[in-house]
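Engineer: I'd like to ask you about the structure that follows.
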Amino acid sequence: MYKYDHIDQTLVDQRVAQFRDQVARRLNGTLAEEEFRPLRLQNGLYHQRHAYMLRIAIPYGLFNSKQLRTLAMISEKYDRGYGHFTTRQNIQFNWVTLEDTPDILADLAKVEMHAIQTSGNCIRNITSDPFAGVAGDEYVDPRPICELLRQWSTLHPEFAHLPRKFKFAINGAKEDRTILLCHDVGIELKKVTEGDGSSQLVADIYAGGGMGRTPILGALIKSGLPWQLLPSYLTALLRVYNRFGRRDNIYKARIKILVKALSPEEFARQVEGEWLHIQNGDDNFTQAEWNRVAQHFTKPAYQNLVKLSDEQVIQMANQADRAAFAKWLERNVKPHQVPGYASVILSLKPHGSVAPGDATTAQMYAIADLADQYSFGELRATHEQNLVLADVEQAKLYALWQEAKKQKVALPNIGLLTDIIACPGGDFCSLANAKSLPIAKAIQERFDDLDYLFDLGDISLNISGCINSCGHHHVGNIGVLGVDKDGEEWYQITLGGEQGNDASIGKVIGPSFYADEIPEVVSNIINTYVAQRSADEPFIETYRRLGVTPFKEAAYKDKNEHTKKKDNSVTAGDAS
Amino acid sequence: MSQANVSSVIPAHEQVLHFPKGQTPSLAPNEWLIWSGDPDKNEDEGANFPPPDLEHGKTKVLVPFTWWIKHNNETDVASKAKQGQIGVWFTADEDILKHAELIEQGRTVWPLVAAHFPIFRDGRSFSTAALLRDRFQWTGEIRAIGDVLIDQLLQGARVGFDSFALRPDQNTDVALKQFDLFTVTTQNSWRGLRTTRATLSA
């Protein structure tokens, strides 16, 4: 993975010093909270319901065991013994103090980490494929471009105060694992063959996607952009947004609203018009810059191994373990580019968990050891809030599974109904309208039968505590959104959302429910699927075949008349 | 200037922070009045909001660019401009690219231009300054005015501003220290090539 040189290290160290001074001015009263707020947000520091929350960047989800140990140390020393992996491949701590944050950031800087631009109205941490560099379906390893753009966007002065936050996702594989089209800018990398037979790395640029209040899938605005020109093109794109994005209404300030208002074609035309003037400038990347970064994304020291069949791997387990181990292989182990290796997903979604994506201090230390022992010391965080050991020898999978089980991160529920994506919700977040964590827990407890979950197969259930959609409910096959009505917490259900190459935004099925109704509603929806599916048909396909009606009828069949009436006045959603 | 029009004038700054390219930051007395242009917006109450005395006034005045568009051909305005006593300031929502010709002409007329920050967290004027430098090749002074706070200075200096009319409550000692907080950069700015490229091509 990328290794800081003196430039990166100097920048991060100086950023710590800058923030230390800003905090000192806040604490001595010369900097008002109102004016400090954007400064702390641009360094990942939120003020939540109970305390400050610090969100630390894990650029494109890639980190190492040494960094995880530092995160574990921070969770113990400055927080309450756990950290929360987020839906943007970052990690956050919920209980830090303002006074401690400069020291925490200094500790992070020692292991090449920071909290730069993990919040605020600026270019946020770039997300990418958690299987970058190892996925079997990869066209292009996106990590060098991710890192080049991480550096380009870091402390970018012109785009320090955009109308609203700005999120990049970058994909280089056949299957999209980044929710590319739900980002302000999605960059799809591919290789094209030039006339002379040489191969050129190019990017397709999608703009104006996003979740939140107005979920929209991004539109293609540029095809075949040579990678070197990304900085000038993105400068043009962000300049148009910075100048013309709405600033009068926070709910209309994202780039998607501008792109929609202008039309993608007109937005693309304006970007092109701006780019014309700067496309040949020295903003663009050079081959030397590529080399400086790409040298760190070489393949680890793989051994020459033979590819093992699933059956051969299963045979390595004790007889008594085989059934459970096979389940784990089926759900949590993914194919690898290199024979004899596999990628393993450690589930941070134990049933009845406190919060999807949480890891305790002890788990973090233990997982760091697993990374060292089984995967060249590297880890990846997924936007589904799990962790990946990307380079595990197939012959060591059984040993790893046994270790992972001890740490309670071996539940074979990846991609199943209980692999719930959820934001921290009203338990922590001051933006939330409703709690998400108790809903996730109640659903996990109701669907605690692994055989049943396996029978249901691939289903995503995502929960957001408010319309900001950090829990990605719009792209869950089943989405749950917390809404506030007259001070009460209600939950709206969407169906038909999907991530991946057939990404789609879920549709609201109708009036919302009380928290305690949700597990039953989910059961009713699931039962409809089970009754109506044809063989091996996943939930989303049954939904697409049948439409919303049978699911909607099932969802509301137990809703009592009183609640229905009470709820009629409430609008479903904020699709303004 | 009479007392009557004080409300139409953005408080004059006694000092302005200057940070010319390639030099060190310093404070200097301010010579420029920033005129808000209110009279145009309050024509019915015009009597209470006279514009600065353009003909006889000795003060150098930054006038709103929109006002300049309308009035630059008037005799007193042209005369004062000829003496190098009129500059323009751009509101944050001004689309300067729509007035390319006028800005081109202004290059030989205005001693300085300014871009306004209605609130510190509004970054539109960063792009205005960048465009003035990149597109219009503006080499003269560009001043940041309005809600200009200490923690915007570095960003402003990098996009193209070289003088800053800080909000009066800002501590100038702290302000002067903002410009050398970082010795490395990872993207180009008006002040120079990014370190990541400069070191590689060296």
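Residue numbers start at 1 in each chain; chains themselves are named A, B, ... in the order of the structure tokens; ligands are numbered from 1 in the order shown.
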Counting only C-alpha atoms, which residues from chain A have an atom at most 10 Å from any atom of chain B, and could you show them as a PyMOL selection string?

Structural biologist: chain A and resi 5-15+17-18+21-22+25+30-31+35-36+38-39+121+148-163+231+238-245+247+274+277-278+282-286+288-289+292

Engineer: Write out as a count of residues only the residues lying within 12 Å of Leu71 of chain A, counting only C-alpha atoms and excluding same-chain residues fewer than 6 positions away.

Structural biologist: 39

Engineer: Go through A:Asp184, A:Asp196, A:Asp427, A:Asp419 and flag the residue nearest Ala440 of chain A, using only C-alpha atoms for the distances.

Structural biologist: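 Distance minimum relative to Ala440 of chain A lands on A:Asp419.
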
Engineer: Can you tell me, as a list in words, what residues are no more than 7 Å from Ala144 of chain B when counting only C-alpha atoms, ignoring any on the same chain fewer than 4 positions away?

Structural biologist: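 Counting only C-alpha atoms, the residues come to Ala114, Ala115, His116, Val148, Phe161, Ser163, Phe164 and Ala165 of chain B.
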
Engineer: Any idea what's packed within 10 Å of Pro335 of chain A, counting only C-alpha atoms, ignoring anything in its chain fewer than 3 positions away? Could you give it as a PyMOL selection string?

Structural biologist: chain A and resi 131+134-137+338-344+390+394

Engineer: Restricting it to N, CA and C atoms, dump the selection as an mmCIF file, in the first residue's frame.

Structural biologist:
```
data_model
loop_
_atom_site.group_PDB
_atom_site.id
_atom_site.type_symbol
_atom_site.label_atom_id
_atom_site.label_comp_id
_atom_site.auth_asym_id
_atom_site.auth_seq_id
_atom_site.Cartn_x
_atom_site.Cartn_y
_atom_site.Cartn_z
ATOM 1 N N PHE A 131 -11.819 -4.481 -2.870
ATOM 2 C CA PHE A 131 -11.022 -5.581 -3.418
ATOM 3 C C PHE A 131 -10.057 -5.100 -4.502
ATOM 4 N N VAL A 134 -6.898 -7.015 -6.102
ATOM 5 C CA VAL A 134 -6.985 -8.473 -5.940
ATOM 6 C C VAL A 134 -8.216 -9.078 -6.614
ATOM 7 N N ALA A 135 -9.189 -8.230 -6.942
ATOM 8 C CA ALA A 135 -10.451 -8.760 -7.471
ATOM 9 C C ALA A 135 -10.233 -9.438 -8.815
ATOM 10 N N GLY A 136 -10.897 -10.548 -8.988
ATOM 11 C CA GLY A 136 -10.766 -11.297 -10.229
ATOM 12 C C GLY A 136 -11.348 -10.562 -11.426
ATOM 13 N N ASP A 137 -12.278 -9.650 -11.181
ATOM 14 C CA ASP A 137 -12.970 -8.986 -12.303
ATOM 15 C C ASP A 137 -12.427 -7.579 -12.548
ATOM 16 N N VAL A 338 -4.889 -14.289 -7.888
ATOM 17 C CA VAL A 338 -3.695 -15.140 -7.852
ATOM 18 C C VAL A 338 -4.075 -16.548 -7.375
ATOM 19 N N PRO A 339 -3.645 -17.583 -8.108
ATOM 20 C CA PRO A 339 -3.987 -18.955 -7.706
ATOM 21 C C PRO A 339 -3.521 -19.257 -6.286
ATOM 22 N N GLY A 340 -4.376 -19.935 -5.544
ATOM 23 C CA GLY A 340 -4.015 -20.339 -4.191
ATOM 24 C C GLY A 340 -4.302 -19.299 -3.127
ATOM 25 N N TYR A 341 -4.846 -18.137 -3.559
ATOM 26 C CA TYR A 341 -5.184 -17.077 -2.600
ATOM 27 C C TYR A 341 -6.678 -16.770 -2.650
ATOM 28 N N ALA A 342 -7.154 -16.150 -1.592
ATOM 29 C CA ALA A 342 -8.554 -15.735 -1.519
ATOM 30 C C ALA A 342 -8.633 -14.474 -0.670
ATOM 31 N N SER A 343 -9.730 -13.749 -0.809
ATOM 32 C CA SER A 343 -9.974 -12.586 0.047
ATOM 33 C C SER A 343 -11.066 -12.942 1.048
ATOM 34 N N VAL A 344 -10.863 -12.511 2.272
ATOM 35 C CA VAL A 344 -11.767 -12.881 3.352
ATOM 36 C C VAL A 344 -12.432 -11.638 3.936
ATOM 37 N N ALA A 390 -7.300 -9.236 2.314
ATOM 38 C CA ALA A 390 -7.420 -9.409 0.863
ATOM 39 C C ALA A 390 -6.560 -10.527 0.289
ATOM 40 N N GLN A 394 -5.321 -19.870 0.487
ATOM 41 C CA GLN A 394 -6.472 -20.763 0.661
ATOM 42 C C GLN A 394 -6.187 -21.841 1.713
#
```

Engineer: Quick one: pull the distance between atom CA of Lys408 of chain A and atom CA of Asn477 of chain A, Å, one decimal.

Structural biologist: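 So the answer is 26.3 Å.
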
Engineer: Just list the residues in segment 46-195 of chain B DSSP gives alpha helix (DSSP H) on the backbone, as a PyMOL selection string.

Structural biologist: chain B and resi 65-71+75-82+100-106+124-134+153-159+172-176+195

Engineer: For the residues in the current selection, export N, CA and C atoms as a compact mmCIF listing (two decimals), in the first residue's frame.

Structural biologist:
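Full text of part-v4.txt as output:
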```
# COMPACT_ATOMS: atom_id res chain seq x y z
N PHE B 65 -18.69 46.22 -9.01
CA PHE B 65 -18.50 46.00 -10.45
C PHE B 65 -19.78 46.30 -11.22
N THR B 66 -20.91 45.94 -10.66
CA THR B 66 -22.19 46.19 -11.35
C THR B 66 -22.43 47.70 -11.51
N TRP B 67 -21.97 48.47 -10.54
CA TRP B 67 -22.09 49.93 -10.62
C TRP B 67 -21.16 50.46 -11.71
N TRP B 68 -19.96 49.90 -11.76
CA TRP B 68 -18.99 50.28 -12.79
C TRP B 68 -19.56 50.03 -14.19
N ILE B 69 -20.21 48.90 -14.36
CA ILE B 69 -20.79 48.57 -15.67
C ILE B 69 -21.71 49.70 -16.14
N LYS B 70 -22.50 50.21 -15.20
CA LYS B 70 -23.47 51.25 -15.56
C LYS B 70 -22.84 52.63 -15.71
N HIS B 71 -21.88 52.94 -14.88
CA HIS B 71 -21.45 54.33 -14.75
C HIS B 71 -20.06 54.65 -15.28
N THR B 75 -18.54 61.26 -16.75
CA THR B 75 -17.34 62.08 -16.74
C THR B 75 -16.58 62.02 -15.42
N ASP B 76 -17.32 62.19 -14.30
CA ASP B 76 -16.60 62.22 -13.02
C ASP B 76 -16.00 60.85 -12.70
N VAL B 77 -16.69 59.83 -13.10
CA VAL B 77 -16.19 58.48 -12.85
C VAL B 77 -14.93 58.24 -13.68
N ALA B 78 -15.03 58.58 -14.94
CA ALA B 78 -13.89 58.37 -15.84
C ALA B 78 -12.67 59.17 -15.38
N SER B 79 -12.96 60.38 -14.92
CA SER B 79 -11.88 61.24 -14.49
C SER B 79 -11.18 60.69 -13.25
N LYS B 80 -11.98 60.25 -12.30
CA LYS B 80 -11.40 59.68 -11.08
C LYS B 80 -10.65 58.39 -11.41
N ALA B 81 -11.22 57.63 -12.30
CA ALA B 81 -10.57 56.37 -12.69
C ALA B 81 -9.22 56.65 -13.35
N LYS B 82 -9.19 57.69 -14.12
CA LYS B 82 -7.96 58.05 -14.82
C LYS B 82 -6.83 58.37 -13.84
N ALA B 100 -16.16 39.52 -19.77
CA ALA B 100 -14.73 39.38 -20.07
C ALA B 100 -14.16 40.66 -20.68
N GLU B 101 -14.92 41.26 -21.59
CA GLU B 101 -14.39 42.42 -22.31
C GLU B 101 -14.13 43.59 -21.35
N LEU B 102 -15.11 43.81 -20.48
CA LEU B 102 -15.00 44.92 -19.53
C LEU B 102 -13.83 44.70 -18.56
N ILE B 103 -13.65 43.45 -18.19
CA ILE B 103 -12.55 43.16 -17.27
C ILE B 103 -11.21 43.30 -17.99
N GLU B 104 -11.17 42.89 -19.23
CA GLU B 104 -9.96 43.10 -20.04
C GLU B 104 -9.59 44.59 -20.07
N GLN B 105 -10.61 45.41 -20.33
CA GLN B 105 -10.37 46.87 -20.36
C GLN B 105 -9.91 47.37 -19.00
N GLY B 106 -10.50 46.82 -17.96
CA GLY B 106 -10.19 47.26 -16.61
C GLY B 106 -8.75 47.02 -16.20
N ARG B 124 -17.10 31.00 -3.12
CA ARG B 124 -17.21 31.38 -4.53
C ARG B 124 -16.10 32.34 -4.95
N SER B 125 -15.74 33.26 -4.05
CA SER B 125 -14.72 34.24 -4.44
C SER B 125 -13.34 33.62 -4.60
N PHE B 126 -13.16 32.41 -4.07
CA PHE B 126 -11.91 31.70 -4.35
C PHE B 126 -11.80 31.41 -5.85
N SER B 127 -12.93 30.98 -6.42
CA SER B 127 -12.92 30.70 -7.86
C SER B 127 -12.82 31.99 -8.67
N THR B 128 -13.43 33.06 -8.17
CA THR B 128 -13.32 34.35 -8.87
C THR B 128 -11.85 34.77 -8.95
N ALA B 129 -11.15 34.67 -7.84
CA ALA B 129 -9.74 35.05 -7.83
C ALA B 129 -8.92 34.15 -8.75
N ALA B 130 -9.23 32.85 -8.70
CA ALA B 130 -8.50 31.90 -9.56
C ALA B 130 -8.71 32.24 -11.03
N LEU B 131 -9.95 32.58 -11.38
CA LEU B 131 -10.24 32.93 -12.77
C LEU B 131 -9.56 34.24 -13.17
N LEU B 132 -9.56 35.20 -12.27
CA LEU B 132 -8.88 36.46 -12.58
C LEU B 132 -7.40 36.23 -12.88
N ARG B 133 -6.79 35.35 -12.11
CA ARG B 133 -5.37 35.07 -12.34
C ARG B 133 -5.15 34.20 -13.57
N ASP B 134 -5.92 33.11 -13.68
CA ASP B 134 -5.69 32.14 -14.76
C ASP B 134 -6.21 32.64 -16.10
N LEU B 153 -7.07 32.82 5.18
CA LEU B 153 -5.99 33.58 4.54
C LEU B 153 -5.11 32.71 3.65
N LEU B 154 -4.77 31.55 4.16
CA LEU B 154 -3.86 30.69 3.41
C LEU B 154 -4.52 30.23 2.11
N GLN B 155 -5.77 29.82 2.21
CA GLN B 155 -6.49 29.40 1.00
C GLN B 155 -6.58 30.57 0.02
N GLY B 156 -6.94 31.73 0.55
CA GLY B 156 -7.06 32.91 -0.30
C GLY B 156 -5.75 33.25 -0.99
N ALA B 157 -4.68 33.19 -0.22
CA ALA B 157 -3.37 33.52 -0.78
C ALA B 157 -2.99 32.55 -1.89
N ARG B 158 -3.43 31.31 -1.76
CA ARG B 158 -3.04 30.32 -2.77
C ARG B 158 -3.87 30.44 -4.05
N VAL B 159 -5.14 30.85 -3.94
CA VAL B 159 -5.95 30.94 -5.16
C VAL B 159 -5.67 32.21 -5.95
N THR B 172 -4.31 40.50 14.11
CA THR B 172 -3.38 40.60 12.99
C THR B 172 -2.08 39.85 13.22
N ASP B 173 -1.66 39.72 14.47
CA ASP B 173 -0.44 38.95 14.74
C ASP B 173 -0.63 37.49 14.35
N VAL B 174 -1.80 36.94 14.74
CA VAL B 174 -2.10 35.56 14.37
C VAL B 174 -2.24 35.46 12.85
N ALA B 175 -2.85 36.47 12.27
CA ALA B 175 -3.07 36.46 10.81
C ALA B 175 -1.76 36.38 10.05
N LEU B 176 -0.79 37.15 10.49
CA LEU B 176 0.49 37.20 9.77
C LEU B 176 1.22 35.85 9.79
N THR B 195 4.48 20.76 -4.64
CA THR B 195 5.76 20.16 -4.23
C THR B 195 5.92 18.78 -4.86
```

Engineer: Please list as number ranges by chain every residue within 9 Å of Ile205 of chain A, counting only C-alpha atoms and excluding residues in the same chain fewer than 3 positions away.

Structural biologist: A: 185-189, 219-225

Engineer: Find the residues near segment 463-475 of chain A: any atom within 6 Å, counting only C-alpha atoms, skip ones fewer than 6 places away on the same chain, and give them as a list of chain:residue names.

Structural biologist: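 That gives A:Gly212, A:Arg213, A:Ile421, A:Ala422, A:Cys423, A:Gly425, A:Ala432, A:Asn433, A:Ala434, A:Lys435, A:Ser436, A:Leu481, A:Gly482, A:Gly497, A:Glu498, A:Gln499, A:Ile505, A:Gly506.
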
Engineer: Could you save those same residues with N, CA and C atoms as a PDB file, in the first residue's frame?

Structural biologist:
```
ATOM      1  N   GLY A 212     -29.144  11.014   0.110  1.00  0.00           N
ATOM      2  CA  GLY A 212     -29.748  12.154   0.797  1.00  0.00           C
ATOM      3  C   GLY A 212     -31.207  12.341   0.448  1.00  0.00           C
ATOM      4  N   ARG A 213     -31.622  13.576   0.574  1.00  0.00           N
ATOM      5  CA  ARG A 213     -33.016  13.943   0.417  1.00  0.00           C
ATOM      6  C   ARG A 213     -33.546  13.682  -0.997  1.00  0.00           C
ATOM      7  N   ILE A 421     -26.378  -2.527   6.788  1.00  0.00           N
ATOM      8  CA  ILE A 421     -25.650  -1.255   6.804  1.00  0.00           C
ATOM      9  C   ILE A 421     -26.485  -0.295   7.641  1.00  0.00           C
ATOM     10  N   ALA A 422     -25.867   0.356   8.603  1.00  0.00           N
ATOM     11  CA  ALA A 422     -26.623   1.318   9.406  1.00  0.00           C
ATOM     12  C   ALA A 422     -25.729   2.458   9.851  1.00  0.00           C
ATOM     13  N   CYS A 423     -26.282   3.615   9.870  1.00  0.00           N
ATOM     14  CA  CYS A 423     -25.570   4.770  10.420  1.00  0.00           C
ATOM     15  C   CYS A 423     -25.676   4.707  11.946  1.00  0.00           C
ATOM     16  N   GLY A 425     -27.106   6.755  13.825  1.00  0.00           N
ATOM     17  CA  GLY A 425     -28.477   7.120  14.158  1.00  0.00           C
ATOM     18  C   GLY A 425     -28.610   7.957  15.412  1.00  0.00           C
ATOM     19  N   ALA A 432     -29.705  13.007  13.393  1.00  0.00           N
ATOM     20  CA  ALA A 432     -30.680  11.935  13.184  1.00  0.00           C
ATOM     21  C   ALA A 432     -32.074  12.307  13.676  1.00  0.00           C
ATOM     22  N   ASN A 433     -33.085  11.792  12.957  1.00  0.00           N
ATOM     23  CA  ASN A 433     -34.472  11.923  13.393  1.00  0.00           C
ATOM     24  C   ASN A 433     -34.878  10.751  14.269  1.00  0.00           C
ATOM     25  N   ALA A 434     -34.177   9.643  14.076  1.00  0.00           N
ATOM     26  CA  ALA A 434     -34.591   8.435  14.769  1.00  0.00           C
ATOM     27  C   ALA A 434     -33.390   7.527  14.961  1.00  0.00           C
ATOM     28  N   LYS A 435     -33.540   6.587  15.873  1.00  0.00           N
ATOM     29  CA  LYS A 435     -32.457   5.639  16.125  1.00  0.00           C
ATOM     30  C   LYS A 435     -32.390   4.620  14.989  1.00  0.00           C
ATOM     31  N   SER A 436     -31.190   4.176  14.660  1.00  0.00           N
ATOM     32  CA  SER A 436     -31.047   3.094  13.688  1.00  0.00           C
ATOM     33  C   SER A 436     -30.581   1.803  14.342  1.00  0.00           C
ATOM     34  N   LEU A 481     -35.799   4.077   6.743  1.00  0.00           N
ATOM     35  CA  LEU A 481     -35.412   5.468   6.996  1.00  0.00           C
ATOM     36  C   LEU A 481     -36.136   5.991   8.224  1.00  0.00           C
ATOM     37  N   GLY A 482     -35.376   6.496   9.176  1.00  0.00           N
ATOM     38  CA  GLY A 482     -35.980   7.103  10.354  1.00  0.00           C
ATOM     39  C   GLY A 482     -36.524   8.482  10.025  1.00  0.00           C
ATOM     40  N   GLY A 497     -34.251  -0.898  -3.911  1.00  0.00           N
ATOM     41  CA  GLY A 497     -32.934  -0.280  -4.082  1.00  0.00           C
ATOM     42  C   GLY A 497     -31.900  -1.359  -4.361  1.00  0.00           C
ATOM     43  N   GLU A 498     -30.838  -0.961  -5.033  1.00  0.00           N
ATOM     44  CA  GLU A 498     -29.803  -1.940  -5.353  1.00  0.00           C
ATOM     45  C   GLU A 498     -28.502  -1.212  -5.622  1.00  0.00           C
ATOM     46  N   GLN A 499     -27.397  -1.784  -5.162  1.00  0.00           N
ATOM     47  CA  GLN A 499     -26.101  -1.249  -5.544  1.00  0.00           C
ATOM     48  C   GLN A 499     -25.522  -2.145  -6.625  1.00  0.00           C
ATOM     49  N   ILE A 505     -32.557   3.178  -7.146  1.00  0.00           N
ATOM     50  CA  ILE A 505     -32.994   3.845  -5.929  1.00  0.00           C
ATOM     51  C   ILE A 505     -34.315   3.216  -5.504  1.00  0.00           C
ATOM     52  N   GLY A 506     -34.412   2.832  -4.246  1.00  0.00           N
ATOM     53  CA  GLY A 506     -35.629   2.197  -3.753  1.00  0.00           C
ATOM     54  C   GLY A 506     -36.814   3.151  -3.763  1.00  0.00           C
TER      55      GLY A 506
END
```

Engineer: Mind giving me the straight-line distance from atom CA of Arg143 of chain B to atom CA of Glu14 of chain B in Å, one decimal?

Structural biologist: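 Distance reported for this atom pair: 14.5 Å.
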
Engineer: Tell me which of A:Ala515, A:Ile345, A:Ile526, A:Ile123 sits closest to Leu437 of chain A, counting only C-alpha atoms.

Structural biologist: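 For Leu437 of chain A, the nearest of the given residues is A:Ala515.
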
Engineer: Could you give me the residues within chain B that DSSP places in strand (DSSP E or B), as an NGL selection string?

Structural biologist: :B and (9-10 or 15-18 or 26-29 or 32-35 or 60-64 or 86-90 or 112-117 or 141-146 or 163-164 or 189 or 192)
